[in-house]
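Chemist: Could you have a look at this structure, given as structure tokens, before my questions?
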Amino acid sequence: MVLRAGTPVEHLHLTFGPDPAVSMAVSWTTPRMVRRPRVRFGNAPGGLDREVHAVTRVYTDAVTGEDVINHHALLTGLEPDSRYLYEVIHDRIARTDGGTLRTAPRGRAPFTFTCFGDHGTSASYDPFGTPASRNAVTGVEHVGSLFTLVAGDLSYANQRRNPPRAWSDWFNMISRSARHHPWMPAAGNHEIERGNGPLGLTAYQSRFLLPGNATDSDEPGTNGTPADLLGLWYAFTVANARFVVLQNDDVCYQDAGTVYIRGYSGGRQRAWLERTLRQARADPDIDWIIVCMHQTAVSSAEHHNGADLGIREQWLPLFDAFGVDLVLCGHEHHYERTHPLRGVVEGSAVLTPHPVSTGEGVDNGVNGTVGNSVDREIDKDVSRDIGGDTDRDVARDVDTDVVDTSYGTVHMILGTGGSSSPSAGKLLDPPAGRVIVGVEPRDSDPTRFRSVHALEPAPWLALRAPEHPYAFAGFEVDPGEVGGVTRIRVTVYDHSTPTPLPFDTFMLVRPCAASADRTGDTSSGGSIGSSPLPACDPPAPVRTPEQ
């Protein structure tokens with residue numbers, strides 16, 4: 001090992017630790033090995049009076065042969081909802097680097113977070129990003145979020161000739177935000193880099209230290225599964241919300257990475273998901289269950305990827321059974337959102353999600369009572385486009401602006417972070433859905449597979465925005481009080497320019513978990529709609545004919 005003076009700190013970023021109220025991970029890279037990498041930290045009055053040594057993860061990039069050196073320091077014993085200063089150092093460092101951090105609140109407290117996916121970089125030579133990629137970083141800082149969820153396809157490293165440079169460009173672009181606020185990623189298909197580990201995900205896994213699951217393992221930063229699965233799925237709690245991050249290539253039919261890895265966890269991820277959702281819905285301190293993942297269960301894009309039947313088969317029955325409130329996805333490069341969904345449209349061969357009635361409703365604290373029946377309007381056009389030539393009104397008795405999620409799950413597609421291939425102008429009109437129902441071998445390479453698609457009606461669609469190809473969402477969580485209602489105000493911003501412009505605002509509401517009979521929740525674990533399939537997905541691709 002050669003040690004040189006003046007080795008710089010690069011790619012500085014934060015992620016939450018196992019308990020976001022009292023722990024934080026600080027991560028960075030160095031261009032060469034260093035001795036005693038560590039973080040000093042403290043609050044402003046006390047100075048930097050504490051020190052934590054980092055662990056180092058190194059991988060060799062399969063394309064360039066470059067050794068990529070990542071360091072991670074887990075800060076613990078912090079105070080909830082508190083600010084700290086920190087600096088990163090190692091022996092013989094030329095110049096320290098650092099930032100500030102804020103821990104999550106504990107208990108019933110307000111907070112704000114942001115989300116988008118399919119980011120890319122603003123580097124002039126990056127064919128997969130745009131200036132909007134940089135604008136997204138400016139936008140989330142403008143909103144002032146506690147943290148940002150990134151719904152996969154971060155740097156598009158597996159599309160670039162020099163993958164480490166793609167990662168470097170991405171971290172350099174986001175670090176002005178990520179060194180102060182955690183960026184919590186989901187791995188997408190463009191994180192799969194052939195040759196980097198058995199799943200192609202070693203670069204992603206090496207660069208992030210992510211929360212584990214205490215029911216599986218006591219080791220910080222793990223989810224209690226084999227090393228090859230480290231950090232691919234995880235969960236964390238902020239105030240009254242449980243966030244669950246999934247890796248969907250495990251269940252998706254689509255072959256969209258550089259390696260086809262469907263079924264790679266052998267059912268481990270699904271078993272973990274069921275256990276995690278069951279625990280969250282039984283916890284009286286948790287109101288909201290929010291899932292972040294890359295590929296999507298719904299899509300009205302005519303010429304892009306499509307929704308994936310594998311998600312409908314494996315994940316959606318669990319979302320129904322345990323009352324998931326919100327699912328945030330990328331993969332499709334346009335913005336749309338759904339009505340609350342629960343179960344499957346009767347007779348659907350492709351498991352079309354069913355829009356549900358919100359029953360008697362609850363006082364939403366904004367404009368009265370939530371309680372609009374989508375069921376009785378299922379044959380009407382109850383969706384609308386924002387802008388474009390197909391602008392249509394929402395049916396008057398179907399409220400898409402205030403939604404009680406205790407009756408069904410709202411899905412949002414936010415693959416609009418900056419990709420150079422937006423699908424906003426490629427939507428089916430009149431609205432319909434396009435679903436990947438299976439795969440078949442490619443003529444050029446029988447080890448790779450092309451998707452088989454089917455069309456479906458889209459009763460699930462509430463709103464989409466063809467005139468806004470680049471967008472991120474901000475979520476303001478109002479915890480409410482025991483005996484009352486908790487709310488999330490959602491604002492979706494266009495970030496085609498450096499100044500984010502809001503174009504869609506709506507409210508999610510539900511009774512506080514400790515206060516209600518949870519009408520509409522199926523917290524006992526019973527499934528509504530399609531039943532869950534066996535825990536282990538067959539890894540072999542399945543050819544399913546068009547429906």
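Within each chain, counting starts at residue 1; across the structure tokens, chains are named A, B, ... in the order shown, with ligands numbered 1 upward in that order.
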Once DSSP has gone over the backbone, tell me which residues of segment 96-303 of chain A are in strand (DSSP E), as a ChimeraX atom specification.

Modeler: /A:97-102,111-116,147-150,183-185,234-238,241-245,288-292

Chemist: If you run DSSP over the backbone, which residues in segment 135-290 of chain A end up helix (DSSP H, G or I)? Put them as number ranges by chain.

Modeler: A: 135-143, 157-159, 163-178, 189-191, 202-207, 227-229, 248-250, 268-282

Chemist: Can you pull out the residues contacting Ile93 of chain A? Cut-off 12 Å, using only C-alpha atoms, and skip same-chain residues under 5 positions away; I want them as a list of chain:residue names.

Modeler: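 Using only C-alpha atoms, the neighbours found are A:Leu3, A:Arg4, A:Ala5, A:Gly6, A:Thr7, A:Pro8, A:Val9, A:Thr30, A:Arg32, A:Met33, A:Val34, A:Arg35, A:Arg36, A:Pro37, A:Arg38, A:Glu87, A:Val88.
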
Chemist: For the residues in that selection, give me N, CA, C and O atoms as a PDB file, in the first residue's frame.

Modeler:
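out_6.pdb was written with the following content:
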```pdb
ATOM      1  N   LEU A   3       1.133   5.197   0.485  1.00  0.00           N
ATOM      2  CA  LEU A   3       0.462   6.339   1.094  1.00  0.00           C
ATOM      3  C   LEU A   3       1.141   7.608   0.637  1.00  0.00           C
ATOM      4  O   LEU A   3       2.355   7.709   0.653  1.00  0.00           O
ATOM      5  N   ARG A   4       0.355   8.569   0.199  1.00  0.00           N
ATOM      6  CA  ARG A   4       0.904   9.818  -0.294  1.00  0.00           C
ATOM      7  C   ARG A   4       0.277  10.987   0.443  1.00  0.00           C
ATOM      8  O   ARG A   4      -0.874  10.950   0.839  1.00  0.00           O
ATOM      9  N   ALA A   5       1.063  12.017   0.589  1.00  0.00           N
ATOM     10  CA  ALA A   5       0.549  13.218   1.239  1.00  0.00           C
ATOM     11  C   ALA A   5      -0.422  13.925   0.315  1.00  0.00           C
ATOM     12  O   ALA A   5      -0.308  13.866  -0.908  1.00  0.00           O
ATOM     13  N   GLY A   6      -1.375  14.598   0.898  1.00  0.00           N
ATOM     14  CA  GLY A   6      -2.267  15.446   0.132  1.00  0.00           C
ATOM     15  C   GLY A   6      -3.393  14.719  -0.565  1.00  0.00           C
ATOM     16  O   GLY A   6      -3.962  15.252  -1.508  1.00  0.00           O
ATOM     17  N   THR A   7      -3.723  13.499  -0.146  1.00  0.00           N
ATOM     18  CA  THR A   7      -4.826  12.771  -0.770  1.00  0.00           C
ATOM     19  C   THR A   7      -6.146  13.448  -0.429  1.00  0.00           C
ATOM     20  O   THR A   7      -6.482  13.606   0.743  1.00  0.00           O
ATOM     21  N   PRO A   8      -6.937  13.839  -1.438  1.00  0.00           N
ATOM     22  CA  PRO A   8      -8.154  14.600  -1.151  1.00  0.00           C
ATOM     23  C   PRO A   8      -9.332  13.706  -0.762  1.00  0.00           C
ATOM     24  O   PRO A   8      -9.349  12.499  -1.029  1.00  0.00           O
ATOM     25  N   VAL A   9     -10.311  14.339  -0.134  1.00  0.00           N
ATOM     26  CA  VAL A   9     -11.602  13.720   0.154  1.00  0.00           C
ATOM     27  C   VAL A   9     -12.537  14.035  -1.009  1.00  0.00           C
ATOM     28  O   VAL A   9     -12.656  15.178  -1.445  1.00  0.00           O
ATOM     29  N   THR A  30     -11.619   8.218  -1.663  1.00  0.00           N
ATOM     30  CA  THR A  30     -10.292   8.807  -1.872  1.00  0.00           C
ATOM     31  C   THR A  30      -9.684   8.154  -3.107  1.00  0.00           C
ATOM     32  O   THR A  30      -9.943   6.975  -3.382  1.00  0.00           O
ATOM     33  N   ARG A  32      -6.767   7.172  -3.586  1.00  0.00           N
ATOM     34  CA  ARG A  32      -5.789   6.149  -3.212  1.00  0.00           C
ATOM     35  C   ARG A  32      -6.006   5.781  -1.752  1.00  0.00           C
ATOM     36  O   ARG A  32      -6.753   6.465  -1.035  1.00  0.00           O
ATOM     37  N   MET A  33      -5.370   4.723  -1.311  1.00  0.00           N
ATOM     38  CA  MET A  33      -5.535   4.297   0.074  1.00  0.00           C
ATOM     39  C   MET A  33      -4.961   5.341   1.033  1.00  0.00           C
ATOM     40  O   MET A  33      -3.948   5.991   0.727  1.00  0.00           O
ATOM     41  N   VAL A  34      -5.611   5.494   2.173  1.00  0.00           N
ATOM     42  CA  VAL A  34      -5.167   6.433   3.200  1.00  0.00           C
ATOM     43  C   VAL A  34      -5.121   5.715   4.543  1.00  0.00           C
ATOM     44  O   VAL A  34      -5.738   4.662   4.728  1.00  0.00           O
ATOM     45  N   ARG A  35      -4.379   6.306   5.467  1.00  0.00           N
ATOM     46  CA  ARG A  35      -4.267   5.722   6.807  1.00  0.00           C
ATOM     47  C   ARG A  35      -5.210   6.441   7.765  1.00  0.00           C
ATOM     48  O   ARG A  35      -5.323   7.648   7.776  1.00  0.00           O
ATOM     49  N   ARG A  36      -5.921   5.668   8.542  1.00  0.00           N
ATOM     50  CA  ARG A  36      -6.821   6.136   9.614  1.00  0.00           C
ATOM     51  C   ARG A  36      -7.880   7.142   9.101  1.00  0.00           C
ATOM     52  O   ARG A  36      -7.990   8.258   9.593  1.00  0.00           O
ATOM     53  N   PRO A  37      -8.681   6.762   8.115  1.00  0.00           N
ATOM     54  CA  PRO A  37      -9.799   7.632   7.730  1.00  0.00           C
ATOM     55  C   PRO A  37     -10.802   7.721   8.875  1.00  0.00           C
ATOM     56  O   PRO A  37     -11.139   6.709   9.493  1.00  0.00           O
ATOM     57  N   ARG A  38     -11.298   8.928   9.138  1.00  0.00           N
ATOM     58  CA  ARG A  38     -12.166   9.107  10.300  1.00  0.00           C
ATOM     59  C   ARG A  38     -12.958  10.397  10.160  1.00  0.00           C
ATOM     60  O   ARG A  38     -12.700  11.230   9.302  1.00  0.00           O
ATOM     61  N   GLU A  87     -16.265  16.894  10.172  1.00  0.00           N
ATOM     62  CA  GLU A  87     -15.202  16.997   9.185  1.00  0.00           C
ATOM     63  C   GLU A  87     -14.578  15.632   8.970  1.00  0.00           C
ATOM     64  O   GLU A  87     -14.501  14.809   9.883  1.00  0.00           O
ATOM     65  N   VAL A  88     -14.170  15.387   7.736  1.00  0.00           N
ATOM     66  CA  VAL A  88     -13.546  14.126   7.347  1.00  0.00           C
ATOM     67  C   VAL A  88     -12.040  14.340   7.275  1.00  0.00           C
ATOM     68  O   VAL A  88     -11.566  15.312   6.671  1.00  0.00           O
TER      69      VAL A  88
END
```

Chemist: Each residue of segment 492-516 of chain A lying at most 12 Å from segment 118-142 of chain A should get a row with its shortest atom-to-atom pair and the distance in Å to one decimal, counting only C-alpha atoms; could you produce that, ordered by chain and increasing number, as a tab-separated table?

Modeler:
```
residue	atom	partner	partner_atom	distance
A:Val492	CA	A:Gly139	CA	10.7
A:Tyr493	CA	A:Gly139	CA	8.2
A:Asp494	CA	A:Gly139	CA	9.0
A:His495	CA	A:Asn135	CA	5.9
A:Ser496	CA	A:Ala132	CA	5.3
A:Thr497	CA	A:Asn135	CA	6.5
A:Pro498	CA	A:Asn135	CA	5.0
A:Thr499	CA	A:Gly139	CA	7.1
A:Pro500	CA	A:Gly139	CA	5.7
A:Leu501	CA	A:Gly139	CA	9.2
A:Pro502	CA	A:Gly139	CA	10.7
```

Chemist: Given only C-alpha atoms as the basis, pick out the residue of A:Pro457, A:Pro18, A:Gly263, A:Gly417 nearest to Pro469 of chain A.

Modeler: A:Gly417

Chemist: So the first atom is atom CA of Ile436 of chain A and the second is atom CA of Asn305 of chain A; what is the distance between them in Å, to one decimal place?

Modeler: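 Value for the atom CA of Ile436 of chain A-atom CA of Asn305 of chain A distance: 7.9 Å.
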
Chemist: What is the distance, in Å and to one decimal place, between atom CA of Gly212 of chain A and atom CA of Met184 of chain A?

Modeler: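 Atom CA of Gly212 of chain A sits 12.9 Å away from atom CA of Met184 of chain A.
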
Chemist: Pick from A:Arg207, A:Arg40, A:Leu149, A:Asn158: nearest to His71 of chain A, with only C-alpha atoms counted?

Modeler: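 Between A:Arg207, A:Arg40, A:Leu149, A:Asn158, the residue approaching His71 of chain A most closely is A:Arg207.
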
Chemist: Nearest to Leu328 of chain A among A:Val344, A:Ala166, A:Cys115, A:Ala235, with distances taken over only C-alpha atoms: which residue is it?

Modeler: A:Cys115

Chemist: With only C-alpha atoms as the counted atoms, please give the residues lying no more than 9 Å from Pro355 of chain A, apart from itself and same-chain residues fewer than 3 positions off, as a PDB file with all heavy atoms, in the first residue's frame.

Modeler:
```
ATOM      1  N   THR A 338     -51.805   7.738  -9.155  1.00  0.00           N
ATOM      2  CA  THR A 338     -53.004   6.913  -9.226  1.00  0.00           C
ATOM      3  C   THR A 338     -54.034   7.333  -8.185  1.00  0.00           C
ATOM      4  O   THR A 338     -53.746   8.063  -7.235  1.00  0.00           O
ATOM      5  CB  THR A 338     -52.678   5.435  -8.979  1.00  0.00           C
ATOM      6  OG1 THR A 338     -52.346   5.240  -7.588  1.00  0.00           O
ATOM      7  CG2 THR A 338     -51.523   4.960  -9.849  1.00  0.00           C
ATOM      8  N   HIS A 339     -55.251   6.840  -8.380  1.00  0.00           N
ATOM      9  CA  HIS A 339     -56.236   6.802  -7.314  1.00  0.00           C
ATOM     10  C   HIS A 339     -55.737   5.834  -6.237  1.00  0.00           C
ATOM     11  O   HIS A 339     -54.798   5.059  -6.473  1.00  0.00           O
ATOM     12  CB  HIS A 339     -57.583   6.311  -7.850  1.00  0.00           C
ATOM     13  CG  HIS A 339     -58.189   7.206  -8.882  1.00  0.00           C
ATOM     14  ND1 HIS A 339     -58.618   8.484  -8.602  1.00  0.00           N
ATOM     15  CD2 HIS A 339     -58.461   7.000 -10.208  1.00  0.00           C
ATOM     16  CE1 HIS A 339     -59.129   9.034  -9.693  1.00  0.00           C
ATOM     17  NE2 HIS A 339     -59.030   8.159 -10.680  1.00  0.00           N
ATOM     18  N   PRO A 340     -56.358   5.805  -5.048  1.00  0.00           N
ATOM     19  CA  PRO A 340     -56.018   4.737  -4.089  1.00  0.00           C
ATOM     20  C   PRO A 340     -56.398   3.385  -4.677  1.00  0.00           C
ATOM     21  O   PRO A 340     -57.488   3.219  -5.245  1.00  0.00           O
ATOM     22  CB  PRO A 340     -56.854   5.090  -2.855  1.00  0.00           C
ATOM     23  CG  PRO A 340     -57.952   5.975  -3.348  1.00  0.00           C
ATOM     24  CD  PRO A 340     -57.378   6.724  -4.513  1.00  0.00           C
ATOM     25  N   LEU A 341     -55.489   2.421  -4.545  1.00  0.00           N
ATOM     26  CA  LEU A 341     -55.663   1.114  -5.168  1.00  0.00           C
ATOM     27  C   LEU A 341     -55.678   0.025  -4.109  1.00  0.00           C
ATOM     28  O   LEU A 341     -54.893   0.055  -3.168  1.00  0.00           O
ATOM     29  CB  LEU A 341     -54.534   0.841  -6.167  1.00  0.00           C
ATOM     30  CG  LEU A 341     -54.284   1.909  -7.239  1.00  0.00           C
ATOM     31  CD1 LEU A 341     -53.097   1.512  -8.101  1.00  0.00           C
ATOM     32  CD2 LEU A 341     -55.521   2.144  -8.087  1.00  0.00           C
ATOM     33  N   ARG A 342     -56.540  -0.950  -4.310  1.00  0.00           N
ATOM     34  CA  ARG A 342     -56.586  -2.110  -3.419  1.00  0.00           C
ATOM     35  C   ARG A 342     -57.169  -3.286  -4.196  1.00  0.00           C
ATOM     36  O   ARG A 342     -58.261  -3.181  -4.748  1.00  0.00           O
ATOM     37  CB  ARG A 342     -57.441  -1.778  -2.190  1.00  0.00           C
ATOM     38  CG  ARG A 342     -57.484  -2.818  -1.075  1.00  0.00           C
ATOM     39  CD  ARG A 342     -56.183  -2.978  -0.310  1.00  0.00           C
ATOM     40  NE  ARG A 342     -55.510  -1.784   0.130  1.00  0.00           N
ATOM     41  CZ  ARG A 342     -55.698  -1.159   1.299  1.00  0.00           C
ATOM     42  NH1 ARG A 342     -56.624  -1.573   2.134  1.00  0.00           N
ATOM     43  NH2 ARG A 342     -54.953  -0.126   1.627  1.00  0.00           N
ATOM     44  N   GLY A 343     -56.451  -4.375  -4.288  1.00  0.00           N
ATOM     45  CA  GLY A 343     -56.940  -5.549  -4.986  1.00  0.00           C
ATOM     46  C   GLY A 343     -56.789  -5.432  -6.496  1.00  0.00           C
ATOM     47  O   GLY A 343     -56.044  -4.607  -7.019  1.00  0.00           O
ATOM     48  N   VAL A 344     -57.536  -6.287  -7.203  1.00  0.00           N
ATOM     49  CA  VAL A 344     -57.402  -6.439  -8.650  1.00  0.00           C
ATOM     50  C   VAL A 344     -58.765  -6.281  -9.311  1.00  0.00           C
ATOM     51  O   VAL A 344     -59.783  -6.735  -8.773  1.00  0.00           O
ATOM     52  CB  VAL A 344     -56.807  -7.826  -8.984  1.00  0.00           C
ATOM     53  CG1 VAL A 344     -56.795  -8.089 -10.480  1.00  0.00           C
ATOM     54  CG2 VAL A 344     -55.407  -7.951  -8.406  1.00  0.00           C
ATOM     55  N   VAL A 345     -58.801  -5.626 -10.468  1.00  0.00           N
ATOM     56  CA  VAL A 345     -60.027  -5.515 -11.246  1.00  0.00           C
ATOM     57  C   VAL A 345     -60.517  -6.924 -11.596  1.00  0.00           C
ATOM     58  O   VAL A 345     -59.748  -7.763 -12.080  1.00  0.00           O
ATOM     59  CB  VAL A 345     -59.788  -4.691 -12.522  1.00  0.00           C
ATOM     60  CG1 VAL A 345     -60.998  -4.765 -13.450  1.00  0.00           C
ATOM     61  CG2 VAL A 345     -59.474  -3.241 -12.166  1.00  0.00           C
ATOM     62  N   VAL A 374     -64.653   6.018  -5.898  1.00  0.00           N
ATOM     63  CA  VAL A 374     -64.106   5.814  -7.231  1.00  0.00           C
ATOM     64  C   VAL A 374     -64.781   4.616  -7.885  1.00  0.00           C
ATOM     65  O   VAL A 374     -64.925   4.544  -9.090  1.00  0.00           O
ATOM     66  CB  VAL A 374     -62.580   5.615  -7.157  1.00  0.00           C
ATOM     67  CG1 VAL A 374     -62.001   5.358  -8.531  1.00  0.00           C
ATOM     68  CG2 VAL A 374     -61.932   6.836  -6.534  1.00  0.00           C
ATOM     69  N   ASP A 375     -65.231   3.640  -7.059  1.00  0.00           N
ATOM     70  CA  ASP A 375     -65.855   2.436  -7.597  1.00  0.00           C
ATOM     71  C   ASP A 375     -66.987   2.756  -8.571  1.00  0.00           C
ATOM     72  O   ASP A 375     -67.079   2.204  -9.648  1.00  0.00           O
ATOM     73  CB  ASP A 375     -66.422   1.580  -6.456  1.00  0.00           C
ATOM     74  CG  ASP A 375     -65.349   0.763  -5.769  1.00  0.00           C
ATOM     75  OD1 ASP A 375     -64.259   0.658  -6.341  1.00  0.00           O
ATOM     76  OD2 ASP A 375     -65.607   0.250  -4.675  1.00  0.00           O
ATOM     77  N   ILE A 378     -65.938   3.869 -12.163  1.00  0.00           N
ATOM     78  CA  ILE A 378     -64.811   3.164 -12.768  1.00  0.00           C
ATOM     79  C   ILE A 378     -64.854   3.170 -14.288  1.00  0.00           C
ATOM     80  O   ILE A 378     -63.830   3.070 -14.953  1.00  0.00           O
ATOM     81  CB  ILE A 378     -64.747   1.715 -12.227  1.00  0.00           C
ATOM     82  CG1 ILE A 378     -63.365   1.110 -12.511  1.00  0.00           C
ATOM     83  CG2 ILE A 378     -65.836   0.851 -12.818  1.00  0.00           C
ATOM     84  CD1 ILE A 378     -63.104  -0.155 -11.753  1.00  0.00           C
ATOM     85  N   GLY A 408     -56.599   2.615   0.450  1.00  0.00           N
ATOM     86  CA  GLY A 408     -55.879   2.128  -0.711  1.00  0.00           C
ATOM     87  C   GLY A 408     -54.549   2.834  -0.871  1.00  0.00           C
ATOM     88  O   GLY A 408     -54.311   3.901  -0.299  1.00  0.00           O
ATOM     89  N   PRO A 459     -58.079   2.205 -15.194  1.00  0.00           N
ATOM     90  CA  PRO A 459     -58.983   2.819 -14.211  1.00  0.00           C
ATOM     91  C   PRO A 459     -58.239   3.368 -13.008  1.00  0.00           C
ATOM     92  O   PRO A 459     -58.779   4.172 -12.248  1.00  0.00           O
ATOM     93  CB  PRO A 459     -59.910   1.662 -13.814  1.00  0.00           C
ATOM     94  CG  PRO A 459     -59.079   0.436 -14.029  1.00  0.00           C
ATOM     95  CD  PRO A 459     -58.258   0.745 -15.254  1.00  0.00           C
ATOM     96  N   TRP A 460     -56.989   2.944 -12.845  1.00  0.00           N
ATOM     97  CA  TRP A 460     -56.185   3.372 -11.712  1.00  0.00           C
ATOM     98  C   TRP A 460     -55.634   4.784 -11.875  1.00  0.00           C
ATOM     99  O   TRP A 460     -55.209   5.416 -10.907  1.00  0.00           O
ATOM    100  CB  TRP A 460     -55.004   2.419 -11.524  1.00  0.00           C
ATOM    101  CG  TRP A 460     -54.388   1.904 -12.783  1.00  0.00           C
ATOM    102  CD1 TRP A 460     -54.633   0.702 -13.385  1.00  0.00           C
ATOM    103  CD2 TRP A 460     -53.432   2.572 -13.637  1.00  0.00           C
ATOM    104  NE1 TRP A 460     -53.887   0.571 -14.542  1.00  0.00           N
ATOM    105  CE2 TRP A 460     -53.146   1.703 -14.719  1.00  0.00           C
ATOM    106  CE3 TRP A 460     -52.794   3.804 -13.577  1.00  0.00           C
ATOM    107  CZ2 TRP A 460     -52.249   2.033 -15.733  1.00  0.00           C
ATOM    108  CZ3 TRP A 460     -51.895   4.143 -14.585  1.00  0.00           C
ATOM    109  CH2 TRP A 460     -51.637   3.282 -15.644  1.00  0.00           C
ATOM    110  N   LEU A 461     -55.622   5.323 -13.095  1.00  0.00           N
ATOM    111  CA  LEU A 461     -54.945   6.593 -13.363  1.00  0.00           C
ATOM    112  C   LEU A 461     -55.748   7.774 -12.831  1.00  0.00           C
ATOM    113  O   LEU A 461     -56.918   7.949 -13.167  1.00  0.00           O
ATOM    114  CB  LEU A 461     -54.729   6.748 -14.869  1.00  0.00           C
ATOM    115  CG  LEU A 461     -54.051   8.039 -15.335  1.00  0.00           C
ATOM    116  CD1 LEU A 461     -52.646   8.156 -14.755  1.00  0.00           C
ATOM    117  CD2 LEU A 461     -54.011   8.103 -16.858  1.00  0.00           C
TER     118      LEU A 461
END
```

Chemist: Just checking: using only C-alpha atoms, which residue out of A:Gln205, A:Ser23, A:Asn162, A:Asn172 ends up closest to Thr103 of chain A?

Modeler: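 The answer is A:Ser23, which sits nearest to Thr103 of chain A.
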
Chemist: Using only C-alpha atoms, which protein or nucleic acid residues come within 7 Å of Thr15 of chain A? Drop anything in the same chain fewer than 5 positions from it, and give the result as an MDAnalysis selection string.

Modeler: chainID A and resid 24:26 182:184 209:210

Chemist: Could you dump the residues just selected with N, CA, C and O atoms as a PDB file, in the first residue's frame?

Modeler:
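The resulting part37.pdb:
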```pdb
ATOM      1  N   MET A  24     -26.107   8.570  11.973  1.00  0.00           N
ATOM      2  CA  MET A  24     -25.923   9.057  10.607  1.00  0.00           C
ATOM      3  C   MET A  24     -24.634   8.456  10.053  1.00  0.00           C
ATOM      4  O   MET A  24     -23.621   8.364  10.753  1.00  0.00           O
ATOM      5  N   ALA A  25     -24.668   8.055   8.788  1.00  0.00           N
ATOM      6  CA  ALA A  25     -23.474   7.545   8.118  1.00  0.00           C
ATOM      7  C   ALA A  25     -22.869   8.641   7.249  1.00  0.00           C
ATOM      8  O   ALA A  25     -23.578   9.299   6.488  1.00  0.00           O
ATOM      9  N   VAL A  26     -21.573   8.836   7.375  1.00  0.00           N
ATOM     10  CA  VAL A  26     -20.817   9.764   6.537  1.00  0.00           C
ATOM     11  C   VAL A  26     -19.947   8.927   5.604  1.00  0.00           C
ATOM     12  O   VAL A  26     -19.187   8.071   6.061  1.00  0.00           O
ATOM     13  N   PRO A 182     -29.254  13.572   4.121  1.00  0.00           N
ATOM     14  CA  PRO A 182     -29.128  12.211   3.588  1.00  0.00           C
ATOM     15  C   PRO A 182     -29.839  12.045   2.243  1.00  0.00           C
ATOM     16  O   PRO A 182     -30.954  12.539   2.058  1.00  0.00           O
ATOM     17  N   TRP A 183     -29.169  11.383   1.326  1.00  0.00           N
ATOM     18  CA  TRP A 183     -29.769  10.927   0.081  1.00  0.00           C
ATOM     19  C   TRP A 183     -29.886   9.413   0.193  1.00  0.00           C
ATOM     20  O   TRP A 183     -28.883   8.709   0.261  1.00  0.00           O
ATOM     21  N   MET A 184     -31.128   8.916   0.212  1.00  0.00           N
ATOM     22  CA  MET A 184     -31.408   7.503   0.454  1.00  0.00           C
ATOM     23  C   MET A 184     -31.806   6.843  -0.869  1.00  0.00           C
ATOM     24  O   MET A 184     -32.872   7.117  -1.418  1.00  0.00           O
ATOM     25  N   LEU A 209     -23.488   3.235   2.660  1.00  0.00           N
ATOM     26  CA  LEU A 209     -23.721   2.519   3.912  1.00  0.00           C
ATOM     27  C   LEU A 209     -25.172   2.790   4.287  1.00  0.00           C
ATOM     28  O   LEU A 209     -25.550   3.922   4.601  1.00  0.00           O
ATOM     29  N   LEU A 210     -25.999   1.737   4.236  1.00  0.00           N
ATOM     30  CA  LEU A 210     -27.441   1.903   4.372  1.00  0.00           C
ATOM     31  C   LEU A 210     -27.960   1.180   5.608  1.00  0.00           C
ATOM     32  O   LEU A 210     -27.331   0.239   6.098  1.00  0.00           O
TER      33      LEU A 210
END
```

Chemist: Would you kindly return, as a PyMOL selection string, each protein, DNA or RNA residue with an atom no farther than 7 Å from any atom of segment 248-262 of chain A, considering only C-alpha atoms and excluding same-chain residues fewer than 3 positions away?

Modeler: chain A and resi 189-190+192-194+199-200+265+293-295+308+310-311+314+436+438-439+448-451+537+539+541
